[in-house]
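Engineer: Below you will find the structure I want to go over with you.
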Amino acid sequence: MKAIVFHEHGPTSNLKYEDFPDPEIGAGDCLVKVKAVSLNGFEPMILGATTALRTPLPMIPGGDVAGEIVEVGAEVDGGQWKVGDRVSIYPMVPGEGMTGETRLGGCCEYVRIPATNMVRVPDDVTDVEAASLPIAYGTALRMMVTRGQVKEGEKVLILGATGGVGTCCVQLAKAAGAEVVACGSADWKLDKLKEIGADHVINTSEQDFRQAVWDLYGKPNMRGGGGVDMVINYIGGDTWVDGCKSLGPGGRMLTCGATAGYATDNDIRYIWTYELSLIGSNGWTMEDQAEIMRMVGDGRVKPALHAVRPLSETPMSIQELIDRKVFGKIVLEP
Ligand SMILES: NC(=O)c1ccc[n+]([C@@H]2O[C@H](COP(=O)([O-])OP(=O)(O)OC[C@H]3O[C@@H](n4cnc5c(N)ncnc54)[C@H](OP(=O)(O)O)[C@@H]3O)[C@@H](O)[C@H]2O)c1
């Protein structure tokens with residue numbers, strides 16, 4: 001089969017479009033013909049070896065796959081899965097780890113996946129939509145709703161709102177009736193943030209987001225008022241302290257990652273003075289993945305698509321992610 005492969009960690013020039021052996025399935029697996037695969041913020045991290053996890057090489061990137069079953073293992077329940085079924089994969093496989101990170105990913109024509117790691121794609125969700133959802137939109141659902149419990153009338157600041165996770169966070173906060181302040185690094189991205197529902201936008205390459213929040217809602221006051229109720233911060237790095245300073249009394253900061261660095265400064269005074277909560281959120285469940293697909297099917301959420309391209313354009317697409325020239329999701333079609 002054709003696949004995007006890297007044999008060594010490094011820059012996107014290490015990604016090659018080449019022939020790769022077809023996967024062989026075990027008794028409990030299915031072989032899925034990839035119809036669409038989407039990229040995530042973790043693709044550059046894995047290629048560049050900036051995560052703590054060891055990636056076996058050669059590796060095929062891409063954890064978010066939608067496709068069609070073309071072969072079913074001998075022990076797979078035929079009443080549940082059959083050739084021709086449309087599926088999205090749940091990429092975290094017990095004993096094998098993350099698809100596209102520790103097990104071969106989906107930037108190719110066929111993937112092997114245990115039957116227990118598949119979620120049915122409803123008729124009203126396209127392959128491109130289904131491929132854009134699991135990692136980014138699933139994670140956003142858990143962070144905003146399950147862990148964050150975003151509520152009607154709350155003020156929510158979303159840093160890096162222009163990415164995969166962020167564009168879903170904006171939509172989920174709006175769906176809950178919250179007021180959304182969304183951050184991005186370029187004016188063209190801010191226009192798109194308004195299109196998907198952001199009430200206020202901040203260009204972080206020109207403005208100090210903490211000052212912009214204080215200008216909007218006032219400086220937090222420990223006797224009440226000012227700031228926002230919730231900060232979504234998977235950027236980390238030097239945004240962490242200003243994220244805390246943007247929260248009003250009783251505010252909560254949610255994180256599922258640290259794109260700009262995890263070993264951040266902290267100013268503990270803000271945490272006790274304003275009785276802040278720091279809430280972690282990691283991954284999502286298969287039921288979350290099915291739920292976010294239902295939300296797309298009935299129109300409550302619409303994946304923000306930057307581009308749909310042929311698989312061979314994966315290297316330049318990952319470079320665009322590195323260069324921060326992407327709004328929402330890039331989907332590749334083999
Ligand atoms: N724990 C989990 O289960 C889980 C699952 C999925 C994702 N994550 C994490 O969530 C984060 C977001 O993922 P994603 O797929 O949405 O990524 P993404 O699509 O690349 O989006 C991240 C956004 O952050 C901004 N950004 C990128 N590099 C930055 C930098 N060096 N400094 C500041 N801002 C930067 C960019 O927006 P602007 O250029 O407009 O500022 C970009 O749109 C990542 O840290 C990822 O590892 C965690």
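Following the order of the structure tokens, chains are lettered A, B, ..., residues in each are numbered from 1, and ligands are numbered from 1.
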Please identify all polymer residues within 10 Å of Pro91 of chain A, counting only C-alpha atoms, omitting same-chain residues fewer than 3 positions from it, and present them as a list in words.

Structural biologist: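 The contact residues come out as Gly62, Gly63, Asp64, Val65, Ser88, Pro94, Glu96, Gly97, Met98, Thr99, Gly100, Glu101, Arg103, Gly105, Gly106, Ile113, Asn117, Met118, Pro134, Ile135 and Met286 of chain A.
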
Engineer: If DSSP is run on the backbone, what residues of segment 24-235 of chain A are strand (DSSP E or B)? A reply as a PyMOL selection string would be ideal.

Structural biologist: chain A and resi 29-38+59+64-72+86-89+92-93+97-99+103+108+110-114+118-120+155-158+179-184+200-203+228-232

Engineer: When the cut-off is 6 Å and you count only C-alpha atoms and all ligand atoms, which residues lie near ligand 1, shown as a list in words?

Structural biologist: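 Using only C-alpha atoms and all ligand atoms, I find these residues within 6 Å of ligand 1: Asn40, Gly41, Phe42, Ile135, Ala136, Thr139, Gly160, Thr162, Gly163, Gly164, Val165, Gly166, Gly184, Ser185, Tyr234, Ile235, Cys256, Gly257, Ala258, Thr259, Ala260, Asn282, Gly283, Leu321 and Arg324 of chain A.
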
Engineer: Hey, what does DSSP flag as helix (DSSP H, G or I) within segment 223-273 of chain A? Can you give it to me as a list in words?

Structural biologist: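 The helix (DSSP H, G or I) subset of segment 223-273 of chain A is Gly237, Asp238, Thr239, Trp240, Val241, Asp242, Gly243, Cys244, Lys245, Ile268, Arg269, Tyr270, Ile271, Trp272 and Thr273 of chain A.
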
Engineer: For segment 167-257 of chain A versus segment 291-315 of chain A, which residues have an atom no more than 10 Å away, and what is each residue's nearest atom pair and distance in Å rounded to one decimal, using only C-alpha atoms, chain-then-number order, as CSV?

Structural biologist:
residue,atom,partner,partner_atom,distance
A:Thr167,CA,A:Ala304,CA,6.5
A:Cys168,CA,A:Pro303,CA,7.3
A:Val170,CA,A:Val301,CA,9.9
A:Gln171,CA,A:Val301,CA,6.4
A:Leu172,CA,A:Val301,CA,7.5
A:Lys174,CA,A:Arg300,CA,10.0
A:Ala175,CA,A:Arg300,CA,7.2
A:Lys192,CA,A:Ala304,CA,9.1
A:Leu193,CA,A:Ala304,CA,9.7
A:Ile196,CA,A:Ala304,CA,8.1

Engineer: Would you write out those residues with N, CA and C atoms, as a PDB file, in the first residue's frame?

Structural biologist:
ATOM      1  N   THR A 167     -11.271  24.772  18.250  1.00  0.00           N
ATOM      2  CA  THR A 167     -12.475  25.087  17.472  1.00  0.00           C
ATOM      3  C   THR A 167     -13.680  24.309  18.005  1.00  0.00           C
ATOM      4  N   CYS A 168     -13.422  23.135  18.565  1.00  0.00           N
ATOM      5  CA  CYS A 168     -14.533  22.388  19.180  1.00  0.00           C
ATOM      6  C   CYS A 168     -14.909  23.000  20.526  1.00  0.00           C
ATOM      7  N   VAL A 170     -14.787  26.090  21.383  1.00  0.00           N
ATOM      8  CA  VAL A 170     -15.614  27.276  21.113  1.00  0.00           C
ATOM      9  C   VAL A 170     -17.061  26.848  20.892  1.00  0.00           C
ATOM     10  N   GLN A 171     -17.251  25.827  20.063  1.00  0.00           N
ATOM     11  CA  GLN A 171     -18.615  25.412  19.717  1.00  0.00           C
ATOM     12  C   GLN A 171     -19.348  24.802  20.914  1.00  0.00           C
ATOM     13  N   LEU A 172     -18.624  24.023  21.729  1.00  0.00           N
ATOM     14  CA  LEU A 172     -19.276  23.396  22.892  1.00  0.00           C
ATOM     15  C   LEU A 172     -19.644  24.448  23.941  1.00  0.00           C
ATOM     16  N   LYS A 174     -20.359  27.595  23.321  1.00  0.00           N
ATOM     17  CA  LYS A 174     -21.524  28.321  22.798  1.00  0.00           C
ATOM     18  C   LYS A 174     -22.789  27.471  22.927  1.00  0.00           C
ATOM     19  N   ALA A 175     -22.659  26.169  22.641  1.00  0.00           N
ATOM     20  CA  ALA A 175     -23.833  25.289  22.741  1.00  0.00           C
ATOM     21  C   ALA A 175     -24.374  25.253  24.166  1.00  0.00           C
ATOM     22  N   LYS A 192     -12.453  33.768  11.384  1.00  0.00           N
ATOM     23  CA  LYS A 192     -13.057  32.430  11.366  1.00  0.00           C
ATOM     24  C   LYS A 192     -13.584  32.048  12.754  1.00  0.00           C
ATOM     25  N   LEU A 193     -12.895  32.505  13.802  1.00  0.00           N
ATOM     26  CA  LEU A 193     -13.394  32.231  15.158  1.00  0.00           C
ATOM     27  C   LEU A 193     -14.765  32.876  15.367  1.00  0.00           C
ATOM     28  N   ILE A 196     -17.496  30.815  13.767  1.00  0.00           N
ATOM     29  CA  ILE A 196     -17.965  29.605  14.481  1.00  0.00           C
ATOM     30  C   ILE A 196     -18.553  29.949  15.852  1.00  0.00           C
TER      31      ILE A 196
END

Engineer: Which is closer to Asp288 of chain A than all the others in A:Val87, A:Ala115, A:Leu190, A:Leu133, using only C-alpha atoms?

Structural biologist: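 Residue with the minimum atom-to-atom distance to Asp288 of chain A: A:Leu133.
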
Engineer: Residues within 9 Å of segment 44-52 of chain A, please, as a list in words. Count only C-alpha atoms; anything in the same chain fewer than 3 positions from it doesn't count.

Structural biologist: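 Surrounding residues, per the criterion: Phe6, Glu8, His9, Gly10, Pro11, Thr12, Asn14, Leu15, Asn40, Gly41, Thr55, Met59, Pro61, Gly100, Glu101, Thr259, Ile318, Gln319, Leu321 and Ile322 of chain A.
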
Engineer: Can you pull out every residue within 8 Å of Trp214 of chain A, counting only C-alpha atoms, but drop anything in the same chain fewer than 3 positions away, and send it as an MDAnalysis selection string?

Structural biologist: chainID A and resid 210:211 217:220 226:227 246

Engineer: Restricting the output to C-alpha atoms, write the selected residues as a PDB file, in the first residue's frame.

Structural biologist:
ATOM      1  CA  ARG A 210      -4.672  38.973  30.230  1.00  0.00           C
ATOM      2  CA  GLN A 211      -4.995  42.743  29.749  1.00  0.00           C
ATOM      3  CA  TYR A 217     -14.614  42.129  32.287  1.00  0.00           C
ATOM      4  CA  GLY A 218     -12.580  44.116  34.803  1.00  0.00           C
ATOM      5  CA  LYS A 219      -9.633  43.127  36.989  1.00  0.00           C
ATOM      6  CA  PRO A 220     -10.553  40.167  39.223  1.00  0.00           C
ATOM      7  CA  GLY A 226     -13.921  40.625  37.152  1.00  0.00           C
ATOM      8  CA  GLY A 227     -12.107  38.114  34.971  1.00  0.00           C
ATOM      9  CA  SER A 246      -7.441  36.136  33.892  1.00  0.00           C
TER      10      SER A 246
END

Engineer: Smallest atom-to-atom distance to Met230 of chain A: which of A:Leu157, A:Leu276, A:Val32, A:Ile330, using only C-alpha atoms?

Structural biologist: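 Selected residue with least distance to Met230 of chain A: A:Leu157.
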
Engineer: Report as a PyMOL selection string all protein, DNA and RNA residues lying within 10 Å of Met1 of chain A, evaluated on only C-alpha atoms, omitting residues in the same chain fewer than 6 positions from it.

Structural biologist: chain A and resi 18-23+108-110

Engineer: Could you write those residues out with N, CA and C atoms, as an mmCIF file, in the first residue's frame?

Structural biologist:
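Below you can see part.cif, which holds the result:
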data_model
loop_
_atom_site.group_PDB
_atom_site.id
_atom_site.type_symbol
_atom_site.label_atom_id
_atom_site.label_comp_id
_atom_site.auth_asym_id
_atom_site.auth_seq_id
_atom_site.Cartn_x
_atom_site.Cartn_y
_atom_site.Cartn_z
ATOM 1 N N GLU A 18 5.601 6.554 0.277
ATOM 2 C CA GLU A 18 6.286 5.385 -0.305
ATOM 3 C C GLU A 18 5.439 4.116 -0.176
ATOM 4 N N ASP A 19 5.946 3.036 -0.760
ATOM 5 C CA ASP A 19 5.270 1.739 -0.622
ATOM 6 C C ASP A 19 5.601 1.159 0.743
ATOM 7 N N PHE A 20 4.592 0.541 1.369
ATOM 8 C CA PHE A 20 4.758 -0.010 2.713
ATOM 9 C C PHE A 20 3.970 -1.323 2.744
ATOM 10 N N PRO A 21 4.432 -2.335 3.490
ATOM 11 C CA PRO A 21 3.686 -3.606 3.503
ATOM 12 C C PRO A 21 2.247 -3.421 4.007
ATOM 13 N N ASP A 22 1.310 -4.112 3.360
ATOM 14 C CA ASP A 22 -0.079 -4.094 3.851
ATOM 15 C C ASP A 22 -0.126 -4.684 5.255
ATOM 16 N N PRO A 23 -0.984 -4.162 6.144
ATOM 17 C CA PRO A 23 -1.088 -4.763 7.481
ATOM 18 C C PRO A 23 -1.722 -6.155 7.425
ATOM 19 N N CYS A 108 -2.228 6.309 5.349
ATOM 20 C CA CYS A 108 -1.925 5.190 4.446
ATOM 21 C C CYS A 108 -3.254 4.657 3.912
ATOM 22 N N GLU A 109 -3.205 3.534 3.217
ATOM 23 C CA GLU A 109 -4.441 3.038 2.588
ATOM 24 C C GLU A 109 -5.225 2.057 3.460
ATOM 25 N N TYR A 110 -4.524 1.316 4.318
ATOM 26 C CA TYR A 110 -5.222 0.317 5.161
ATOM 27 C C TYR A 110 -4.669 0.352 6.585
#
